[in-house]
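J.: Data file query-v1.tsv (TSV, C-alpha atoms) is appended below.
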chain	number	residue	atom	x	y	z
A	2	MET	CA	12.08	26.28	-10.07
A	3	SER	CA	12.43	24.23	-6.90
A	4	MET	CA	13.52	20.64	-7.23
A	5	LEU	CA	12.53	17.65	-5.15
A	6	ILE	CA	15.46	16.21	-3.21
A	7	LEU	CA	15.78	12.53	-4.05
A	8	THR	CA	19.18	11.86	-2.51
A	9	PRO	CA	19.39	10.73	1.15
A	10	ASN	CA	18.59	13.79	3.27
A	11	LEU	CA	17.69	12.47	6.73
A	12	PRO	CA	20.48	12.39	9.31
A	13	ASP	CA	19.02	9.26	10.98
A	14	PRO	CA	16.79	7.45	8.47
A	15	ASP	CA	16.55	4.29	10.57
A	16	GLY	CA	15.50	6.30	13.62
A	17	PHE	CA	12.90	8.14	11.56
A	18	TYR	CA	11.53	4.85	10.22
A	19	GLU	CA	11.26	3.45	13.76
A	20	GLU	CA	9.35	6.56	14.90
A	21	LEU	CA	7.01	6.30	11.92
A	22	ILE	CA	6.28	2.64	12.64
A	23	ARG	CA	5.74	3.40	16.35
A	24	ALA	CA	3.28	6.16	15.44
A	25	HIS	CA	1.09	3.46	13.87
A	26	GLU	CA	1.19	1.06	16.82
A	27	GLY	CA	-2.24	0.27	18.21
A	28	LEU	CA	-4.06	1.80	15.25
A	29	THR	CA	-6.58	-0.06	13.15
A	30	LYS	CA	-6.05	-0.16	9.38
A	31	GLU	CA	-8.56	2.67	8.99
A	32	GLN	CA	-6.89	4.77	11.70
A	33	SER	CA	-3.47	4.09	10.17
A	34	ASP	CA	-4.71	5.17	6.73
A	35	ALA	CA	-6.20	8.34	8.23
A	36	PHE	CA	-2.94	9.04	10.09
A	37	ASN	CA	-1.00	8.67	6.82
A	38	ALA	CA	-3.39	11.04	5.04
A	39	ARG	CA	-3.06	13.67	7.78
A	40	LEU	CA	0.73	13.27	7.77
A	41	ILE	CA	0.90	13.70	3.99
A	42	LEU	CA	-1.27	16.83	4.11
A	43	THR	CA	0.74	18.26	7.00
A	44	LEU	CA	4.04	17.71	5.18
A	45	ALA	CA	2.60	19.02	1.89
A	46	ASN	CA	1.54	22.18	3.70
A	47	HIS	CA	5.04	22.51	5.17
A	48	ILE	CA	6.64	22.09	1.72
A	49	GLY	CA	4.17	24.56	0.24
A	50	ASP	CA	5.58	24.34	-3.29
A	51	ARG	CA	3.15	22.79	-5.79
A	52	GLU	CA	5.89	22.03	-8.31
A	53	VAL	CA	7.91	20.11	-5.71
A	54	LEU	CA	4.76	18.25	-4.71
A	55	ARG	CA	4.08	17.36	-8.37
A	56	GLN	CA	7.62	16.00	-8.60
A	57	ALA	CA	6.95	13.94	-5.47
A	58	PHE	CA	3.80	12.50	-7.08
A	59	GLU	CA	5.84	11.35	-10.05
A	60	ALA	CA	8.67	9.98	-7.90
A	61	ALA	CA	6.18	8.02	-5.80
A	62	LYS	CA	4.68	6.34	-8.86
For the file at hand, write its structure as structure tokens.
T.:
Amino acid sequence: MSMLILTPNLPDPDGFYEELIRAHEGLTKEQSDAFNARLILTLANHIGDREVLRQAFEAAK
């Protein structure tokens, strides 16, 4: 069974956060929400493992 990685795993987390915030610049609340939904679905597709995604649901709660 695959396990969700919960330990730090990004080489530049601050840089990633800055890029994520910049991706939302100029968007309305509705556009930002839609962007987040598309990003989540894109990353879920990339992960492709339903068990890992279930673990992510629980971790996010």
J.: As an mmCIF file with C-alpha atoms, keeping the file's coordinate frame, please: the residues near Ile22 (chain A) (cut-off 12 Å, all atoms listed in the file, same-chain neighbours under 5 positions excluded).
T.:
data_model
loop_
_atom_site.group_PDB
_atom_site.id
_atom_site.type_symbol
_atom_site.label_atom_id
_atom_site.label_comp_id
_atom_site.auth_asym_id
_atom_site.auth_seq_id
_atom_site.Cartn_x
_atom_site.Cartn_y
_atom_site.Cartn_z
ATOM 1 C CA ASP A 15 16.550 4.290 10.570
ATOM 2 C CA GLY A 16 15.500 6.300 13.620
ATOM 3 C CA PHE A 17 12.900 8.140 11.560
ATOM 4 C CA GLY A 27 -2.240 0.270 18.210
ATOM 5 C CA LEU A 28 -4.060 1.800 15.250
ATOM 6 C CA SER A 33 -3.470 4.090 10.170
ATOM 7 C CA PHE A 36 -2.940 9.040 10.090
ATOM 8 C CA ASN A 37 -1.000 8.670 6.820
#
J.: At what distance in Å, to one decimal, does CA of Leu54 (chain A) lie from CA of Leu11 (chain A)?
T.: 18.2 Å
J.: To one decimal place, how far is CA of Ile41 (chain A) from CA of Pro12 (chain A) in Å?
T.: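 That distance, rounded to one decimal, is 20.3 Å.
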